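Text of data16.txt (compact mmCIF, N, CA and C atoms) as supplied:
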# COMPACT_ATOMS: atom_id res chain seq x y z
N MET A 555 92.34 -43.24 -76.50
CA MET A 555 91.20 -42.37 -76.34
C MET A 555 91.58 -41.23 -75.41
N GLY A 556 91.03 -40.07 -75.63
CA GLY A 556 91.35 -38.90 -74.82
C GLY A 556 90.52 -38.83 -73.56
N GLY A 557 90.89 -37.93 -72.72
CA GLY A 557 90.15 -37.74 -71.48
C GLY A 557 88.87 -36.98 -71.75
N GLY A 558 87.84 -37.32 -71.03
CA GLY A 558 86.56 -36.64 -71.22
C GLY A 558 86.47 -35.39 -70.36
N ASN A 559 85.29 -34.82 -70.33
CA ASN A 559 85.09 -33.62 -69.53
C ASN A 559 85.33 -33.86 -68.04
N GLY A 560 85.01 -35.03 -67.57
CA GLY A 560 85.23 -35.36 -66.17
C GLY A 560 86.70 -35.31 -65.80
N GLN A 561 87.54 -35.83 -66.70
CA GLN A 561 88.99 -35.82 -66.47
C GLN A 561 89.52 -34.38 -66.48
N LYS A 562 89.04 -33.58 -67.42
CA LYS A 562 89.49 -32.18 -67.50
C LYS A 562 89.08 -31.40 -66.26
N ALA A 563 87.89 -31.64 -65.78
CA ALA A 563 87.41 -30.95 -64.58
C ALA A 563 88.24 -31.35 -63.36
N LYS A 564 88.58 -32.63 -63.28
CA LYS A 564 89.39 -33.10 -62.16
C LYS A 564 90.77 -32.44 -62.18
N MET A 565 91.37 -32.37 -63.33
CA MET A 565 92.69 -31.75 -63.46
C MET A 565 92.61 -30.26 -63.11
N ALA A 566 91.55 -29.59 -63.54
CA ALA A 566 91.39 -28.17 -63.24
C ALA A 566 91.23 -27.96 -61.74
N ARG A 567 90.47 -28.81 -61.08
CA ARG A 567 90.30 -28.71 -59.63
C ARG A 567 91.64 -28.88 -58.90
N GLU A 568 92.43 -29.85 -59.35
CA GLU A 568 93.73 -30.10 -58.74
C GLU A 568 94.66 -28.90 -58.92
N ARG A 569 94.67 -28.32 -60.11
CA ARG A 569 95.51 -27.13 -60.35
C ARG A 569 95.07 -25.96 -59.49
N ASN A 570 93.77 -25.73 -59.40
CA ASN A 570 93.25 -24.63 -58.59
C ASN A 570 93.55 -24.83 -57.12
N LEU A 571 93.51 -26.07 -56.65
CA LEU A 571 93.83 -26.36 -55.26
C LEU A 571 95.29 -26.03 -54.96
N GLU A 572 96.19 -26.34 -55.90
CA GLU A 572 97.60 -26.02 -55.73
C GLU A 572 97.82 -24.50 -55.70
N LYS A 573 97.12 -23.78 -56.53
CA LYS A 573 97.24 -22.31 -56.55
C LYS A 573 96.77 -21.70 -55.24
N GLN A 574 95.70 -22.23 -54.68
CA GLN A 574 95.17 -21.69 -53.43
C GLN A 574 96.13 -21.93 -52.28
N LYS A 575 96.82 -23.06 -52.29
CA LYS A 575 97.77 -23.35 -51.22
C LYS A 575 98.94 -22.38 -51.26
N ALA A 576 99.41 -22.03 -52.44
CA ALA A 576 100.57 -21.16 -52.58
C ALA A 576 100.26 -19.73 -52.13
N GLY A 577 99.10 -19.20 -52.45
CA GLY A 577 98.77 -17.82 -52.15
C GLY A 577 98.03 -17.63 -50.85
N LYS A 578 98.11 -18.60 -49.96
CA LYS A 578 97.33 -18.53 -48.74
C LYS A 578 97.93 -17.51 -47.78
N GLY A 579 97.09 -16.82 -47.06
CA GLY A 579 97.57 -15.88 -46.06
C GLY A 579 96.92 -14.53 -46.20
N SER A 580 97.15 -13.74 -45.20
CA SER A 580 96.56 -12.42 -45.15
C SER A 580 97.65 -11.36 -45.24
N GLN A 581 97.27 -10.17 -45.66
CA GLN A 581 98.22 -9.07 -45.74
C GLN A 581 98.24 -8.24 -44.47
N LEU A 582 97.49 -8.62 -43.47
CA LEU A 582 97.41 -7.83 -42.26
C LEU A 582 98.77 -7.62 -41.62
N GLU A 583 99.57 -8.65 -41.56
CA GLU A 583 100.88 -8.54 -40.92
C GLU A 583 101.79 -7.60 -41.70
N SER A 584 101.81 -7.71 -43.01
CA SER A 584 102.66 -6.83 -43.81
C SER A 584 102.15 -5.39 -43.76
N ASN A 585 100.84 -5.20 -43.65
CA ASN A 585 100.30 -3.85 -43.52
C ASN A 585 100.72 -3.21 -42.21
N LYS A 586 100.75 -4.00 -41.13
CA LYS A 586 101.20 -3.47 -39.84
C LYS A 586 102.65 -3.04 -39.90
N LYS A 587 103.48 -3.81 -40.59
CA LYS A 587 104.90 -3.47 -40.70
C LYS A 587 105.12 -2.21 -41.53
N ALA A 588 104.20 -1.92 -42.44
CA ALA A 588 104.34 -0.75 -43.31
C ALA A 588 103.89 0.54 -42.63
N MET A 589 103.29 0.44 -41.44
CA MET A 589 102.83 1.62 -40.72
C MET A 589 104.02 2.24 -39.98
N THR A 590 104.86 2.98 -40.70
CA THR A 590 106.10 3.47 -40.11
C THR A 590 106.06 4.94 -39.76
N ILE A 591 105.13 5.71 -40.28
CA ILE A 591 105.03 7.13 -39.95
C ILE A 591 104.08 7.27 -38.78
N GLN A 592 104.51 8.02 -37.76
CA GLN A 592 103.69 8.15 -36.55
C GLN A 592 103.61 9.62 -36.12
N CYS A 593 102.39 10.05 -35.83
CA CYS A 593 102.18 11.39 -35.28
C CYS A 593 102.70 11.36 -33.84
N LYS A 594 103.56 12.31 -33.51
CA LYS A 594 104.17 12.32 -32.17
C LYS A 594 103.23 12.88 -31.11
N VAL A 595 102.13 13.50 -31.51
CA VAL A 595 101.19 14.06 -30.55
C VAL A 595 100.17 13.01 -30.12
N CYS A 596 99.50 12.38 -31.08
CA CYS A 596 98.45 11.42 -30.74
C CYS A 596 98.88 9.97 -30.97
N MET A 597 100.07 9.75 -31.49
CA MET A 597 100.64 8.42 -31.74
C MET A 597 99.88 7.61 -32.79
N GLN A 598 99.11 8.27 -33.64
CA GLN A 598 98.44 7.57 -34.73
C GLN A 598 99.48 7.20 -35.78
N THR A 599 99.38 5.99 -36.32
CA THR A 599 100.35 5.55 -37.32
C THR A 599 99.76 5.67 -38.72
N PHE A 600 100.66 5.86 -39.67
CA PHE A 600 100.30 6.00 -41.08
C PHE A 600 101.20 5.09 -41.89
N ILE A 601 100.68 4.63 -43.03
CA ILE A 601 101.45 3.74 -43.89
C ILE A 601 102.63 4.53 -44.48
N CYS A 602 103.70 3.82 -44.77
CA CYS A 602 104.96 4.45 -45.18
C CYS A 602 104.83 5.27 -46.47
N THR A 603 103.82 5.02 -47.26
CA THR A 603 103.67 5.75 -48.53
C THR A 603 102.83 7.03 -48.37
N THR A 604 102.49 7.38 -47.15
CA THR A 604 101.68 8.58 -46.90
C THR A 604 102.46 9.81 -47.34
N SER A 605 101.80 10.69 -48.06
CA SER A 605 102.47 11.88 -48.57
C SER A 605 102.53 12.97 -47.51
N GLU A 606 103.37 13.96 -47.77
CA GLU A 606 103.51 15.09 -46.87
C GLU A 606 102.18 15.84 -46.76
N VAL A 607 101.42 15.89 -47.83
CA VAL A 607 100.13 16.58 -47.83
C VAL A 607 99.18 15.93 -46.82
N LYS A 608 99.14 14.59 -46.82
CA LYS A 608 98.26 13.88 -45.87
C LYS A 608 98.70 14.11 -44.43
N CYS A 609 100.00 14.17 -44.20
CA CYS A 609 100.50 14.45 -42.86
C CYS A 609 100.08 15.85 -42.41
N ARG A 610 100.19 16.80 -43.31
CA ARG A 610 99.79 18.18 -42.98
C ARG A 610 98.28 18.25 -42.73
N GLU A 611 97.50 17.54 -43.54
CA GLU A 611 96.04 17.52 -43.33
C GLU A 611 95.70 16.97 -41.95
N HIS A 612 96.38 15.91 -41.54
CA HIS A 612 96.14 15.33 -40.22
C HIS A 612 96.48 16.34 -39.13
N ALA A 613 97.63 16.96 -39.27
CA ALA A 613 98.07 17.92 -38.25
C ALA A 613 97.11 19.10 -38.14
N GLU A 614 96.63 19.60 -39.26
CA GLU A 614 95.72 20.74 -39.24
C GLU A 614 94.35 20.35 -38.70
N ALA A 615 93.88 19.17 -39.03
CA ALA A 615 92.55 18.74 -38.61
C ALA A 615 92.52 18.32 -37.14
N LYS A 616 93.53 17.61 -36.70
CA LYS A 616 93.52 17.04 -35.35
C LYS A 616 94.26 17.89 -34.32
N HIS A 617 95.29 18.58 -34.75
CA HIS A 617 96.15 19.32 -33.82
C HIS A 617 96.39 20.74 -34.33
N SER A 618 95.35 21.51 -34.45
CA SER A 618 95.46 22.84 -35.04
C SER A 618 96.33 23.79 -34.21
N LYS A 619 96.46 23.55 -32.92
CA LYS A 619 97.24 24.43 -32.06
C LYS A 619 98.73 24.07 -32.04
N VAL A 620 99.05 22.94 -32.60
CA VAL A 620 100.43 22.45 -32.57
C VAL A 620 101.03 22.58 -33.96
N ASP A 621 102.32 22.86 -34.01
CA ASP A 621 103.03 22.98 -35.28
C ASP A 621 103.09 21.62 -35.99
N VAL A 622 103.05 21.64 -37.31
CA VAL A 622 103.07 20.42 -38.11
C VAL A 622 104.34 19.62 -37.81
N TYR A 623 105.45 20.31 -37.60
CA TYR A 623 106.73 19.64 -37.40
C TYR A 623 106.82 18.99 -36.02
N GLN A 624 105.99 19.39 -35.09
CA GLN A 624 105.94 18.70 -33.81
C GLN A 624 105.20 17.36 -33.97
N CYS A 625 104.24 17.34 -34.84
CA CYS A 625 103.52 16.08 -35.11
C CYS A 625 104.39 15.13 -35.93
N PHE A 626 105.02 15.65 -36.95
CA PHE A 626 105.81 14.84 -37.88
C PHE A 626 107.19 15.46 -38.06
N PRO A 627 108.13 15.17 -37.17
CA PRO A 627 109.46 15.77 -37.24
C PRO A 627 110.22 15.40 -38.53
N HIS A 628 109.88 14.29 -39.15
CA HIS A 628 110.59 13.88 -40.37
C HIS A 628 110.32 14.82 -41.54
N LEU A 629 109.31 15.70 -41.42
CA LEU A 629 109.01 16.63 -42.52
C LEU A 629 109.96 17.82 -42.55
N GLN A 630 110.67 18.07 -41.45
CA GLN A 630 111.60 19.18 -41.42
C GLN A 630 112.77 18.88 -42.33
N LYS A 631 113.19 19.90 -43.04
CA LYS A 631 114.31 19.72 -43.97
C LYS A 631 115.39 20.73 -43.69
What do you get writing this file as structure tokens?
Amino acid sequence: MGGGNGQKAKMARERNLEKQKAGKGSQLESNKKAMTIQCKVCMQTFICTTSEVKCREHAEAKHSKVDVYQCFPHLQK
């Protein structure tokens, strides 16, 4: 005889419990490690995928009297 609905539900619960154990954790630590771009004027950090446009927007909005390259020296080429 085959397993009934109760057996199927129990097996599904066990599988889901195993999946939850494997994927446990937060991304907060990895997000902190990805904050590698830093404004040299105010020391605000930005995620490593931040574009040059966003860096320029920050510099113009927050530090209008200072050159963009003083805020973000890595933009100089």
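Closest approach to Leu629 of chain A among A:Glu606, A:Cys593, A:Ala613, A:Lys562: A:Glu606, based on all atoms listed in the file.
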Which residues, written as a tab-separated table (two decimals) with N, CA and C atoms, in the coordinates of the input, have at least one atom at most 7 Å from segment 595-605 of chain A, with only C-alpha atoms counted and residues fewer than 6 positions away on the same chain left out?
chain	number	residue	atom	x	y	z
A	588	ALA	N	104.20	-1.92	-42.44
A	588	ALA	CA	104.34	-0.75	-43.31
A	588	ALA	C	103.89	0.54	-42.63
A	589	MET	N	103.29	0.44	-41.44
A	589	MET	CA	102.83	1.62	-40.72
A	589	MET	C	104.02	2.24	-39.98
A	625	CYS	N	104.24	17.34	-34.84
A	625	CYS	CA	103.52	16.08	-35.11
A	625	CYS	C	104.39	15.13	-35.93
**Message:** Quick check, in Å to one decimal: how far apart do atom C of His612 of chain A and atom N of His628 of chain A lie?
**Reply:** 13.6 Å
Apply DSSP to the backbone of this structure and, from chain A, keep only the residues in strand (DSSP E or B); write these as an mmCIF file with N, CA and C atoms, in the frame of the given file.
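Listed below is the output, selection.cif:
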data_model
loop_
_atom_site.group_PDB
_atom_site.id
_atom_site.type_symbol
_atom_site.label_atom_id
_atom_site.label_comp_id
_atom_site.auth_asym_id
_atom_site.auth_seq_id
_atom_site.Cartn_x
_atom_site.Cartn_y
_atom_site.Cartn_z
ATOM 1 N N ILE A 591 105.130 5.710 -40.280
ATOM 2 C CA ILE A 591 105.030 7.130 -39.950
ATOM 3 C C ILE A 591 104.080 7.270 -38.780
ATOM 4 N N GLN A 592 104.510 8.020 -37.760
ATOM 5 C CA GLN A 592 103.690 8.150 -36.550
ATOM 6 C C GLN A 592 103.610 9.620 -36.120
ATOM 7 N N THR A 599 99.380 5.990 -36.320
ATOM 8 C CA THR A 599 100.350 5.550 -37.320
ATOM 9 C C THR A 599 99.760 5.670 -38.720
ATOM 10 N N PHE A 600 100.660 5.860 -39.670
ATOM 11 C CA PHE A 600 100.300 6.000 -41.080
ATOM 12 C C PHE A 600 101.200 5.090 -41.890
#
Output as a tab-separated table (two decimals) with N, CA and C atoms, in the coordinates of the input all residues of segment 560-627 of chain A that backbone DSSP marks as helix (DSSP H, G or I).
chain	number	residue	atom	x	y	z
A	560	GLY	N	85.01	-35.03	-67.57
A	560	GLY	CA	85.23	-35.36	-66.17
A	560	GLY	C	86.70	-35.31	-65.80
A	561	GLN	N	87.54	-35.83	-66.70
A	561	GLN	CA	88.99	-35.82	-66.47
A	561	GLN	C	89.52	-34.38	-66.48
A	562	LYS	N	89.04	-33.58	-67.42
A	562	LYS	CA	89.49	-32.18	-67.50
A	562	LYS	C	89.08	-31.40	-66.26
A	563	ALA	N	87.89	-31.64	-65.78
A	563	ALA	CA	87.41	-30.95	-64.58
A	563	ALA	C	88.24	-31.35	-63.36
A	564	LYS	N	88.58	-32.63	-63.28
A	564	LYS	CA	89.39	-33.10	-62.16
A	564	LYS	C	90.77	-32.44	-62.18
A	565	MET	N	91.37	-32.37	-63.33
A	565	MET	CA	92.69	-31.75	-63.46
A	565	MET	C	92.61	-30.26	-63.11
A	566	ALA	N	91.55	-29.59	-63.54
A	566	ALA	CA	91.39	-28.17	-63.24
A	566	ALA	C	91.23	-27.96	-61.74
A	567	ARG	N	90.47	-28.81	-61.08
A	567	ARG	CA	90.30	-28.71	-59.63
A	567	ARG	C	91.64	-28.88	-58.90
A	568	GLU	N	92.43	-29.85	-59.35
A	568	GLU	CA	93.73	-30.10	-58.74
A	568	GLU	C	94.66	-28.90	-58.92
A	569	ARG	N	94.67	-28.32	-60.11
A	569	ARG	CA	95.51	-27.13	-60.35
A	569	ARG	C	95.07	-25.96	-59.49
A	570	ASN	N	93.77	-25.73	-59.40
A	570	ASN	CA	93.25	-24.63	-58.59
A	570	ASN	C	93.55	-24.83	-57.12
A	571	LEU	N	93.51	-26.07	-56.65
A	571	LEU	CA	93.83	-26.36	-55.26
A	571	LEU	C	95.29	-26.03	-54.96
A	572	GLU	N	96.19	-26.34	-55.90
A	572	GLU	CA	97.60	-26.02	-55.73
A	572	GLU	C	97.82	-24.50	-55.70
A	573	LYS	N	97.12	-23.78	-56.53
A	573	LYS	CA	97.24	-22.31	-56.55
A	573	LYS	C	96.77	-21.70	-55.24
A	574	GLN	N	95.70	-22.23	-54.68
A	574	GLN	CA	95.17	-21.69	-53.43
A	574	GLN	C	96.13	-21.93	-52.28
A	575	LYS	N	96.82	-23.06	-52.29
A	575	LYS	CA	97.77	-23.35	-51.22
A	575	LYS	C	98.94	-22.38	-51.26
A	576	ALA	N	99.41	-22.03	-52.44
A	576	ALA	CA	100.57	-21.16	-52.58
A	576	ALA	C	100.26	-19.73	-52.13
A	582	LEU	N	97.49	-8.62	-43.47
A	582	LEU	CA	97.41	-7.83	-42.26
A	582	LEU	C	98.77	-7.62	-41.62
A	583	GLU	N	99.57	-8.65	-41.56
A	583	GLU	CA	100.88	-8.54	-40.92
A	583	GLU	C	101.79	-7.60	-41.70
A	584	SER	N	101.81	-7.71	-43.01
A	584	SER	CA	102.66	-6.83	-43.81
A	584	SER	C	102.15	-5.39	-43.76
A	585	ASN	N	100.84	-5.20	-43.65
A	585	ASN	CA	100.30	-3.85	-43.52
A	585	ASN	C	100.72	-3.21	-42.21
A	586	LYS	N	100.75	-4.00	-41.13
A	586	LYS	CA	101.20	-3.47	-39.84
A	586	LYS	C	102.65	-3.04	-39.90
A	587	LYS	N	103.48	-3.81	-40.59
A	587	LYS	CA	104.90	-3.47	-40.70
A	587	LYS	C	105.12	-2.21	-41.53
A	606	GLU	N	103.37	13.96	-47.77
A	606	GLU	CA	103.51	15.09	-46.87
A	606	GLU	C	102.18	15.84	-46.76
A	607	VAL	N	101.42	15.89	-47.83
A	607	VAL	CA	100.13	16.58	-47.83
A	607	VAL	C	99.18	15.93	-46.82
A	608	LYS	N	99.14	14.59	-46.82
A	608	LYS	CA	98.26	13.88	-45.87
A	608	LYS	C	98.70	14.11	-44.43
A	609	CYS	N	100.00	14.17	-44.20
A	609	CYS	CA	100.50	14.45	-42.86
A	609	CYS	C	100.08	15.85	-42.41
A	610	ARG	N	100.19	16.80	-43.31
A	610	ARG	CA	99.79	18.18	-42.98
A	610	ARG	C	98.28	18.25	-42.73
A	611	GLU	N	97.50	17.54	-43.54
A	611	GLU	CA	96.04	17.52	-43.33
A	611	GLU	C	95.70	16.97	-41.95
A	612	HIS	N	96.38	15.91	-41.54
A	612	HIS	CA	96.14	15.33	-40.22
A	612	HIS	C	96.48	16.34	-39.13
A	613	ALA	N	97.63	16.96	-39.27
A	613	ALA	CA	98.07	17.92	-38.25
A	613	ALA	C	97.11	19.10	-38.14
A	614	GLU	N	96.63	19.60	-39.26
A	614	GLU	CA	95.72	20.74	-39.24
A	614	GLU	C	94.35	20.35	-38.70
A	615	ALA	N	93.88	19.17	-39.03
A	615	ALA	CA	92.55	18.74	-38.61
A	615	ALA	C	92.52	18.32	-37.14
A	616	LYS	N	93.53	17.61	-36.70
A	616	LYS	CA	93.52	17.04	-35.35
A	616	LYS	C	94.26	17.89	-34.32
A	622	VAL	N	103.05	21.64	-37.31
A	622	VAL	CA	103.07	20.42	-38.11
A	622	VAL	C	104.34	19.62	-37.81
A	623	TYR	N	105.45	20.31	-37.60
A	623	TYR	CA	106.73	19.64	-37.40
A	623	TYR	C	106.82	18.99	-36.02
A	624	GLN	N	105.99	19.39	-35.09
A	624	GLN	CA	105.94	18.70	-33.81
A	624	GLN	C	105.20	17.36	-33.97
A	625	CYS	N	104.24	17.34	-34.84
A	625	CYS	CA	103.52	16.08	-35.11
A	625	CYS	C	104.39	15.13	-35.93
A	627	PRO	N	108.13	15.17	-37.17
A	627	PRO	CA	109.46	15.77	-37.24
A	627	PRO	C	110.22	15.40	-38.53
**Request:** Measure the distance from atom CA of Lys587 of chain A to atom C of Leu571 of chain A in Å and round it to one decimal.
**Result:**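 Interatomic distance, atom CA of Lys587 of chain A to atom C of Leu571 of chain A: 28.4 Å.
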**Asked** A:Ser580, A:Asn559, A:Gln592, A:Gln574: which is nearest Pro627 of chain A, counting only N, CA and C atoms?
**Response**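 Using only N, CA and C atoms, Pro627 of chain A sits closest to A:Gln592.
Atom CA of Arg569 of chain A lies 29.1 Å from atom CA of Asn585 of chain A.
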Residues within 8 Å of Cys609 of chain A, please, as a short mmCIF file (atom, residue, chain, number, x, y, z; two decimals) with N, CA and C atoms, in the coordinates of the input. Count all atoms listed in the file; anything in the same chain fewer than 6 positions from it doesn't count.
data_model
loop_
_atom_site.label_atom_id
_atom_site.label_comp_id
_atom_site.auth_asym_id
_atom_site.auth_seq_id
_atom_site.Cartn_x
_atom_site.Cartn_y
_atom_site.Cartn_z
N ALA A 615 93.88 19.17 -39.03
CA ALA A 615 92.55 18.74 -38.61
C ALA A 615 92.52 18.32 -37.14
N VAL A 622 103.05 21.64 -37.31
CA VAL A 622 103.07 20.42 -38.11
C VAL A 622 104.34 19.62 -37.81
N CYS A 625 104.24 17.34 -34.84
CA CYS A 625 103.52 16.08 -35.11
C CYS A 625 104.39 15.13 -35.93
N PHE A 626 105.02 15.65 -36.95
CA PHE A 626 105.81 14.84 -37.88
C PHE A 626 107.19 15.46 -38.06
#
Around all of segment 579-595 of chain A's listed atoms, make the axis-aligned box with 4 Å on each side and tell me centre and edge lengths in Å to one decimal, as JSON.
{"center_x": 101.3, "center_y": -1.4, "center_z": -38.6, "size_x": 17.5, "size_y": 38.9, "size_z": 24.9}
